[in-house]
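Participant: I am attaching a structure below and will ask some questions about it afterwards.
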Amino acid sequence: MKAAILLTFFVSASLLAQTAAPQPPAKPKGPAIPADAQWHDVTTWGVEGRGWGDQERKRWYDRLPAKAEKTVTPAVWGLSRDSAGMMVRFKSDAKAIYTRYQLSKANLALPAMPATGASGLDLYARDDKGQWKWVNCTKPSQQNVEAVVISDLAPGEHEFAAYLPLYNGIEKLEIGVPAGAKFEGLKPREKPIVFYGTSITHGANASRPGMVHTAILGRHLDRPVINIGFSGNGRMDAAVGDLINELDAAAIVIDCLPNMGPADVTAKCVPLVKQLRSKHATTPIILVEDRRYTNSWITPAKAKFHDDNHAALKAAYEQLKAEKVANLHYIGGDALYGTDAEGANDASHATDLGFLRQAEIFEPVLRAVLK
């Protein structure tokens, strides 16, 4: 009797094991890159956001030339090897766009920033009215990325722009199209807007490279942009000023206060502006107050820090104006992320919403000075 009961139990258990946990259905595979795809190495025509011409680089996609390693701080040098702000433009009538690229760092994401922002390639295209619109972004899961960025595109030739990773470096980058498609790499445009700043300028914590305010402004103003934001290390350094002085800039935006205190602002702002004026006699220079932490409304020490920082920058600005430094402009920081405390995900760094709000405040000032 007991043997029969045990046999019944084991048979039932076996049947339950076979039926209780069915295998999940196989995920449908996305489009594959064809074996005869045409590949184009981006270095053959260049990227915007890579200043200093053909000066020697340690790595082609480094933001600063090799000589900067001896003049800037080690932290700035290390951060300059991220490809933040770089953008490659091209035209094609392809029905699909492919990419393959090699990232320099295995760490693909940050604690508050996804891999799409830190390590993704973010594709835009102009619509039939000439406006830039988003297309798609890669979703890296390893250092060597090979992906169909988009397929089933509308017929006809389109102008594309692909933003490079914000918090990773690029060893090699190629754009691919189907065999027989037309393809034209577009050379970088001249007279960029130069943004010198902190991790916010660098791009933390954007969900995609194209969502940083510097990139948004580049699209809205249809201008090339150079992003020299250095996470935690945007401090109005004279060594960075020397490098900026080598650029033929349309405008220079100094947005370093989030990494500085009032005493540093007082000590370094006026000398930096005068340093830049020594080589850029008429170029617009814009000073930007630090954004307010989005929880500073309930943290009095943070609110006072911003008050004191803003006062120090405003005093430097007034001193420079009194000394007849021309074409100097100012952007306040109180509402850079908005006033509803919803513009950041860690109080300090912008979400896409915060970046969009910053761009909306910067844009009229830049439009006016770039006329």
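Order determines the names: the first chain of the structure tokens is A, the second B, and so forth; residues in each chain are numbered 1 upward, and ligands are numbered 1 upward as they are shown.
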Which residues come within 8 Å of Pro224 (chain A), counting only C-alpha atoms, excluding same-chain residues fewer than 6 positions away, as a PyMOL selection string?
Facilitator: chain A and resi 48-49+188-193+218
Participant: Name the residues of region 228-268 of chain A that fall into strand (DSSP E or B) according to DSSP on the backbone, using the chain letters and numbers of this document, as a ChimeraX atom specification.
Facilitator: /A:228-229,251-255
Participant: For the residues in that selection, give me C-alpha atoms as a short mmCIF file (atom, residue, chain, number, x, y, z; two decimals), in the first residue's frame.
Facilitator:
```
data_model
loop_
_atom_site.label_atom_id
_atom_site.label_comp_id
_atom_site.auth_asym_id
_atom_site.auth_seq_id
_atom_site.Cartn_x
_atom_site.Cartn_y
_atom_site.Cartn_z
CA ILE A 228 34.57 70.79 -22.18
CA GLY A 229 32.61 69.91 -19.08
CA ALA A 251 30.76 82.28 -28.09
CA ILE A 252 32.24 81.06 -24.81
CA VAL A 253 30.01 79.92 -21.96
CA ILE A 254 31.60 79.67 -18.50
CA ASP A 255 29.43 77.48 -16.26
#
```
Participant: Using only C-alpha atoms, which residues sit within 10 Å of Asp237 (chain A) once same-chain residues fewer than 6 positions away are excluded, as a PyMOL selection string?
Facilitator: chain A and resi 72-73+256+268-269+271-272
Participant: Would you write out those residues with N, CA and C atoms, as a compact mmCIF listing (two decimals), in the first residue's frame?
Facilitator:
```
# COMPACT_ATOMS: atom_id res chain seq x y z
N VAL A 72 46.87 70.50 -17.74
CA VAL A 72 45.66 70.44 -16.92
C VAL A 72 45.87 69.46 -15.77
N THR A 73 44.95 69.45 -14.83
CA THR A 73 45.07 68.51 -13.70
C THR A 73 44.86 67.08 -14.18
N CYS A 256 30.97 77.13 -14.40
CA CYS A 256 31.79 76.34 -13.49
C CYS A 256 31.35 76.40 -12.03
N LYS A 268 39.06 83.64 -9.10
CA LYS A 268 39.40 83.10 -10.42
C LYS A 268 38.56 83.63 -11.58
N CYS A 269 37.39 84.17 -11.32
CA CYS A 269 36.52 84.57 -12.44
C CYS A 269 37.08 85.73 -13.24
N PRO A 271 40.19 86.98 -13.47
CA PRO A 271 41.38 86.61 -14.25
C PRO A 271 41.07 85.73 -15.46
N LEU A 272 40.12 84.78 -15.32
CA LEU A 272 39.80 83.92 -16.46
C LEU A 272 39.19 84.72 -17.60
```
Participant: So the first atom is CA of Val265 (chain A) and the second is CA of Leu328 (chain A); what is the distance between them in Å, to one decimal place?
Facilitator: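 Here the two named atoms are 16.4 Å from each other.
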Participant: Can you tell me which residues surround region 77-90 of chain A at a distance of at most 8 Å, considering only C-alpha atoms, apart from same-chain residues fewer than 3 positions away, and format the answer as a ChimeraX atom specification?
Facilitator: /A:42,46-50,59,61-64,68-69,72-74,159-170,183-188,202-203,209,214-215,225-228,230-231
Participant: Pick the closest to Gly117 (chain A) from A:Gly241, A:Gly333, A:Pro155, A:Gly210: which is it, counting only C-alpha atoms?
Facilitator: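 Among A:Gly241, A:Gly333, A:Pro155, A:Gly210, it is A:Gly210 that comes nearest to Gly117 (chain A).
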Participant: Determine which residues of region 14-213 of chain A receive a DSSP assignment of alpha helix (DSSP H), computed from the backbone, and state them as a ChimeraX atom specification.
Facilitator: /A:14-20,74-79,115-119,199-202,213
Participant: Could those selected residues go to a file with N, CA and C atoms, as a PDB file, in the first residue's frame?
Facilitator:
```
ATOM      1  N   SER A  14       6.328  14.371 -10.897  1.00  0.00           N
ATOM      2  CA  SER A  14       6.991  14.443 -12.196  1.00  0.00           C
ATOM      3  C   SER A  14       6.136  15.175 -13.211  1.00  0.00           C
ATOM      4  N   LEU A  15       4.840  14.854 -13.222  1.00  0.00           N
ATOM      5  CA  LEU A  15       3.929  15.539 -14.152  1.00  0.00           C
ATOM      6  C   LEU A  15       3.833  17.024 -13.829  1.00  0.00           C
ATOM      7  N   LEU A  16       3.807  17.363 -12.513  1.00  0.00           N
ATOM      8  CA  LEU A  16       3.732  18.769 -12.108  1.00  0.00           C
ATOM      9  C   LEU A  16       4.978  19.522 -12.547  1.00  0.00           C
ATOM     10  N   ALA A  17       6.138  18.872 -12.387  1.00  0.00           N
ATOM     11  CA  ALA A  17       7.386  19.531 -12.788  1.00  0.00           C
ATOM     12  C   ALA A  17       7.413  19.818 -14.273  1.00  0.00           C
ATOM     13  N   GLN A  18       6.759  18.925 -15.041  1.00  0.00           N
ATOM     14  CA  GLN A  18       6.760  19.109 -16.488  1.00  0.00           C
ATOM     15  C   GLN A  18       5.772  20.195 -16.925  1.00  0.00           C
ATOM     16  N   THR A  19       4.721  20.424 -16.125  1.00  0.00           N
ATOM     17  CA  THR A  19       3.672  21.343 -16.568  1.00  0.00           C
ATOM     18  C   THR A  19       3.654  22.667 -15.818  1.00  0.00           C
ATOM     19  N   ALA A  20       4.290  22.733 -14.623  1.00  0.00           N
ATOM     20  CA  ALA A  20       4.132  23.929 -13.796  1.00  0.00           C
ATOM     21  C   ALA A  20       5.032  25.073 -14.249  1.00  0.00           C
ATOM     22  N   PRO A  74      45.391  66.093 -13.438  1.00  0.00           N
ATOM     23  CA  PRO A  74      45.168  64.695 -13.829  1.00  0.00           C
ATOM     24  C   PRO A  74      43.691  64.349 -13.942  1.00  0.00           C
ATOM     25  N   ALA A  75      42.861  64.911 -13.062  1.00  0.00           N
ATOM     26  CA  ALA A  75      41.427  64.617 -13.124  1.00  0.00           C
ATOM     27  C   ALA A  75      40.805  65.150 -14.412  1.00  0.00           C
ATOM     28  N   VAL A  76      41.145  66.385 -14.770  1.00  0.00           N
ATOM     29  CA  VAL A  76      40.618  66.962 -16.008  1.00  0.00           C
ATOM     30  C   VAL A  76      41.099  66.149 -17.204  1.00  0.00           C
ATOM     31  N   TRP A  77      42.373  65.770 -17.195  1.00  0.00           N
ATOM     32  CA  TRP A  77      42.896  64.988 -18.322  1.00  0.00           C
ATOM     33  C   TRP A  77      42.133  63.680 -18.464  1.00  0.00           C
ATOM     34  N   GLY A  78      41.938  62.963 -17.375  1.00  0.00           N
ATOM     35  CA  GLY A  78      41.223  61.694 -17.447  1.00  0.00           C
ATOM     36  C   GLY A  78      39.811  61.858 -17.967  1.00  0.00           C
ATOM     37  N   LEU A  79      39.113  62.885 -17.497  1.00  0.00           N
ATOM     38  CA  LEU A  79      37.733  63.126 -17.924  1.00  0.00           C
ATOM     39  C   LEU A  79      37.662  63.603 -19.371  1.00  0.00           C
ATOM     40  N   ALA A 115      23.140  53.282 -19.314  1.00  0.00           N
ATOM     41  CA  ALA A 115      24.145  53.030 -20.340  1.00  0.00           C
ATOM     42  C   ALA A 115      23.835  53.772 -21.633  1.00  0.00           C
ATOM     43  N   THR A 116      22.567  54.019 -21.923  1.00  0.00           N
ATOM     44  CA  THR A 116      22.224  54.769 -23.130  1.00  0.00           C
ATOM     45  C   THR A 116      22.839  56.167 -23.105  1.00  0.00           C
ATOM     46  N   GLY A 117      22.894  56.805 -21.927  1.00  0.00           N
ATOM     47  CA  GLY A 117      23.475  58.137 -21.818  1.00  0.00           C
ATOM     48  C   GLY A 117      24.985  58.108 -21.715  1.00  0.00           C
ATOM     49  N   ALA A 118      25.496  57.227 -20.852  1.00  0.00           N
ATOM     50  CA  ALA A 118      26.934  57.185 -20.616  1.00  0.00           C
ATOM     51  C   ALA A 118      27.704  56.619 -21.802  1.00  0.00           C
ATOM     52  N   SER A 119      27.114  55.620 -22.489  1.00  0.00           N
ATOM     53  CA  SER A 119      27.856  54.872 -23.504  1.00  0.00           C
ATOM     54  C   SER A 119      27.123  54.707 -24.831  1.00  0.00           C
ATOM     55  N   SER A 199      30.158  68.610 -14.202  1.00  0.00           N
ATOM     56  CA  SER A 199      29.494  67.365 -14.588  1.00  0.00           C
ATOM     57  C   SER A 199      28.177  67.619 -15.301  1.00  0.00           C
ATOM     58  N   ILE A 200      27.538  68.733 -15.002  1.00  0.00           N
ATOM     59  CA  ILE A 200      26.265  69.052 -15.661  1.00  0.00           C
ATOM     60  C   ILE A 200      26.522  69.331 -17.138  1.00  0.00           C
ATOM     61  N   THR A 201      27.525  70.140 -17.431  1.00  0.00           N
ATOM     62  CA  THR A 201      27.918  70.350 -18.825  1.00  0.00           C
ATOM     63  C   THR A 201      28.392  69.040 -19.450  1.00  0.00           C
ATOM     64  N   HIS A 202      29.151  68.265 -18.701  1.00  0.00           N
ATOM     65  CA  HIS A 202      29.647  66.960 -19.151  1.00  0.00           C
ATOM     66  C   HIS A 202      28.491  66.049 -19.582  1.00  0.00           C
ATOM     67  N   HIS A 213      21.887  69.821 -22.342  1.00  0.00           N
ATOM     68  CA  HIS A 213      21.481  71.145 -22.809  1.00  0.00           C
ATOM     69  C   HIS A 213      22.404  71.688 -23.889  1.00  0.00           C
TER      70      HIS A 213
END
```
Participant: Would you pick out the contacts of region 138-145 of chain A at 9 Å or less, using only C-alpha atoms, so that residues sharing its chain but fewer than 3 positions from it are not included, and give the list as a PDB file with N, CA, C and O atoms, in the first residue's frame?
Facilitator:
```
ATOM      1  N   THR A  99      25.712  50.680 -36.805  1.00  0.00           N
ATOM      2  CA  THR A  99      26.935  51.209 -36.196  1.00  0.00           C
ATOM      3  C   THR A  99      27.708  50.074 -35.554  1.00  0.00           C
ATOM      4  O   THR A  99      27.136  49.054 -35.127  1.00  0.00           O
ATOM      5  N   ARG A 100      28.995  50.252 -35.510  1.00  0.00           N
ATOM      6  CA  ARG A 100      29.838  49.414 -34.674  1.00  0.00           C
ATOM      7  C   ARG A 100      30.914  50.309 -34.082  1.00  0.00           C
ATOM      8  O   ARG A 100      31.536  51.101 -34.773  1.00  0.00           O
ATOM      9  N   TYR A 101      31.070  50.198 -32.770  1.00  0.00           N
ATOM     10  CA  TYR A 101      32.061  51.028 -32.094  1.00  0.00           C
ATOM     11  C   TYR A 101      32.603  50.312 -30.867  1.00  0.00           C
ATOM     12  O   TYR A 101      31.952  49.431 -30.296  1.00  0.00           O
ATOM     13  N   GLN A 102      33.806  50.722 -30.493  1.00  0.00           N
ATOM     14  CA  GLN A 102      34.498  50.125 -29.351  1.00  0.00           C
ATOM     15  C   GLN A 102      34.639  51.173 -28.262  1.00  0.00           C
ATOM     16  O   GLN A 102      35.192  52.256 -28.490  1.00  0.00           O
ATOM     17  N   LEU A 103      34.139  50.854 -27.073  1.00  0.00           N
ATOM     18  CA  LEU A 103      34.208  51.751 -25.923  1.00  0.00           C
ATOM     19  C   LEU A 103      35.497  51.525 -25.150  1.00  0.00           C
ATOM     20  O   LEU A 103      35.996  50.400 -25.061  1.00  0.00           O
ATOM     21  N   SER A 104      36.015  52.584 -24.546  1.00  0.00           N
ATOM     22  CA  SER A 104      37.289  52.459 -23.834  1.00  0.00           C
ATOM     23  C   SER A 104      37.122  51.920 -22.422  1.00  0.00           C
ATOM     24  O   SER A 104      38.072  51.371 -21.852  1.00  0.00           O
ATOM     25  N   LYS A 105      35.928  52.062 -21.842  1.00  0.00           N
ATOM     26  CA  LYS A 105      35.716  51.641 -20.452  1.00  0.00           C
ATOM     27  C   LYS A 105      34.652  50.556 -20.379  1.00  0.00           C
ATOM     28  O   LYS A 105      33.611  50.650 -21.028  1.00  0.00           O
ATOM     29  N   ALA A 106      34.909  49.550 -19.524  1.00  0.00           N
ATOM     30  CA  ALA A 106      33.950  48.458 -19.355  1.00  0.00           C
ATOM     31  C   ALA A 106      32.739  48.891 -18.545  1.00  0.00           C
ATOM     32  O   ALA A 106      31.661  48.289 -18.658  1.00  0.00           O
ATOM     33  N   ASN A 107      32.887  49.926 -17.720  1.00  0.00           N
ATOM     34  CA  ASN A 107      31.766  50.428 -16.927  1.00  0.00           C
ATOM     35  C   ASN A 107      30.868  51.253 -17.836  1.00  0.00           C
ATOM     36  O   ASN A 107      31.201  52.387 -18.198  1.00  0.00           O
ATOM     37  N   LEU A 108      29.725  50.716 -18.205  1.00  0.00           N
ATOM     38  CA  LEU A 108      28.891  51.325 -19.242  1.00  0.00           C
ATOM     39  C   LEU A 108      27.876  52.321 -18.712  1.00  0.00           C
ATOM     40  O   LEU A 108      27.313  53.096 -19.487  1.00  0.00           O
ATOM     41  N   ALA A 115      23.140  53.282 -19.314  1.00  0.00           N
ATOM     42  CA  ALA A 115      24.145  53.030 -20.340  1.00  0.00           C
ATOM     43  C   ALA A 115      23.835  53.772 -21.633  1.00  0.00           C
ATOM     44  O   ALA A 115      24.755  54.143 -22.368  1.00  0.00           O
ATOM     45  N   THR A 116      22.567  54.019 -21.923  1.00  0.00           N
ATOM     46  CA  THR A 116      22.224  54.769 -23.130  1.00  0.00           C
ATOM     47  C   THR A 116      22.839  56.167 -23.105  1.00  0.00           C
ATOM     48  O   THR A 116      23.278  56.673 -24.137  1.00  0.00           O
ATOM     49  N   GLY A 117      22.894  56.805 -21.927  1.00  0.00           N
ATOM     50  CA  GLY A 117      23.475  58.137 -21.818  1.00  0.00           C
ATOM     51  C   GLY A 117      24.985  58.108 -21.715  1.00  0.00           C
ATOM     52  O   GLY A 117      25.684  58.861 -22.391  1.00  0.00           O
ATOM     53  N   SER A 119      27.114  55.620 -22.489  1.00  0.00           N
ATOM     54  CA  SER A 119      27.856  54.872 -23.504  1.00  0.00           C
ATOM     55  C   SER A 119      27.123  54.707 -24.831  1.00  0.00           C
ATOM     56  O   SER A 119      27.617  54.003 -25.719  1.00  0.00           O
ATOM     57  N   GLY A 120      25.949  55.323 -24.980  1.00  0.00           N
ATOM     58  CA  GLY A 120      25.162  55.131 -26.187  1.00  0.00           C
ATOM     59  C   GLY A 120      25.541  56.059 -27.322  1.00  0.00           C
ATOM     60  O   GLY A 120      26.202  57.079 -27.132  1.00  0.00           O
ATOM     61  N   LEU A 121      25.135  55.664 -28.528  1.00  0.00           N
ATOM     62  CA  LEU A 121      25.231  56.506 -29.722  1.00  0.00           C
ATOM     63  C   LEU A 121      23.815  56.943 -30.060  1.00  0.00           C
ATOM     64  O   LEU A 121      22.941  56.101 -30.287  1.00  0.00           O
ATOM     65  N   ASP A 122      23.580  58.253 -30.084  1.00  0.00           N
ATOM     66  CA  ASP A 122      22.226  58.802 -30.129  1.00  0.00           C
ATOM     67  C   ASP A 122      21.983  59.472 -31.483  1.00  0.00           C
ATOM     68  O   ASP A 122      22.625  60.476 -31.807  1.00  0.00           O
ATOM     69  N   LEU A 123      21.048  58.930 -32.271  1.00  0.00           N
ATOM     70  CA  LEU A 123      20.859  59.350 -33.658  1.00  0.00           C
ATOM     71  C   LEU A 123      19.686  60.303 -33.818  1.00  0.00           C
ATOM     72  O   LEU A 123      18.577  60.045 -33.332  1.00  0.00           O
ATOM     73  N   VAL A 148      21.997  47.510 -35.204  1.00  0.00           N
ATOM     74  CA  VAL A 148      21.124  48.210 -36.141  1.00  0.00           C
ATOM     75  C   VAL A 148      20.528  49.378 -35.355  1.00  0.00           C
ATOM     76  O   VAL A 148      19.734  49.172 -34.437  1.00  0.00           O
ATOM     77  N   VAL A 149      20.918  50.583 -35.692  1.00  0.00           N
ATOM     78  CA  VAL A 149      20.400  51.737 -34.956  1.00  0.00           C
ATOM     79  C   VAL A 149      18.927  51.946 -35.293  1.00  0.00           C
ATOM     80  O   VAL A 149      18.095  52.189 -34.413  1.00  0.00           O
TER      81      VAL A 149
END
```
Participant: When you count only C-alpha atoms, which of these residues is closest to Leu153 (chain A): A:Ala204, A:Asp93, A:Ala181, A:Leu247?
Facilitator: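 Looking only at the distances to Leu153 (chain A), the closest residue turns out to be A:Asp93.
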Participant: Taking only C-alpha atoms into account, name the residue in A:Leu173, A:Ala147, A:Ala109, A:Ala347 that is nearest to Lys302 (chain A).
Facilitator: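 Among A:Leu173, A:Ala147, A:Ala109, A:Ala347, it is A:Ala347 that comes nearest to Lys302 (chain A).
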Participant: How many Å separate CA of Thr294 (chain A) from CA of Ala341 (chain A)?
Facilitator: 4.6 Å
Participant: Which is closest to Trp132 (chain A) among A:Ile97, A:Ala179, A:Leu217, A:Ala250, if we use only C-alpha atoms?
Facilitator: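 Under the stated criterion, the closest residue is A:Leu217.
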Participant: Identify, on the basis of only C-alpha atoms, every residue whose closest approach to Gly156 (chain A) does not exceed 9 Å; exclude the query and any residue fewer than 5 positions from it along the same chain; express the result as JSON, numbers by chain.
Facilitator: {"A": [92, 93, 94, 95]}
Participant: Would you mind exporting N, CA, C and O atoms of the selected residues as a compact mmCIF listing (two decimals), in the first residue's frame?
Facilitator:
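Result file follows (again-v6.txt):
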```txt
# COMPACT_ATOMS: atom_id res chain seq x y z
N SER A 92 22.47 60.25 -46.11
CA SER A 92 22.30 58.95 -46.75
C SER A 92 20.84 58.77 -47.16
O SER A 92 19.94 59.34 -46.54
N ASP A 93 20.66 57.96 -48.21
CA ASP A 93 19.30 57.56 -48.59
C ASP A 93 19.01 56.14 -48.12
O ASP A 93 18.08 55.48 -48.60
N ALA A 94 19.81 55.66 -47.18
CA ALA A 94 19.69 54.28 -46.71
C ALA A 94 18.35 54.03 -46.03
O ALA A 94 17.79 54.92 -45.39
N LYS A 95 17.89 52.80 -46.13
CA LYS A 95 16.68 52.38 -45.44
C LYS A 95 16.97 51.94 -44.01
O LYS A 95 16.06 51.71 -43.21
```
Participant: By how many Å are CA of Ala154 (chain A) and CA of Cys137 (chain A) apart?
Facilitator: 17.7 Å
Participant: Given the choices A:Asp152, A:Ile298, A:Gly180, A:Lys172, which gets closest to Gln38 (chain A) if the distance is worked out from only C-alpha atoms?
Facilitator: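 Of A:Asp152, A:Ile298, A:Gly180, A:Lys172, the one nearest Gln38 (chain A) is A:Gly180, counting only C-alpha atoms.
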Participant: Determine the nearest neighbour of Gln358 (chain A) from the options A:Met236, A:His329, A:Val212, A:Lys279, counting only C-alpha atoms.
Facilitator: A:Val212
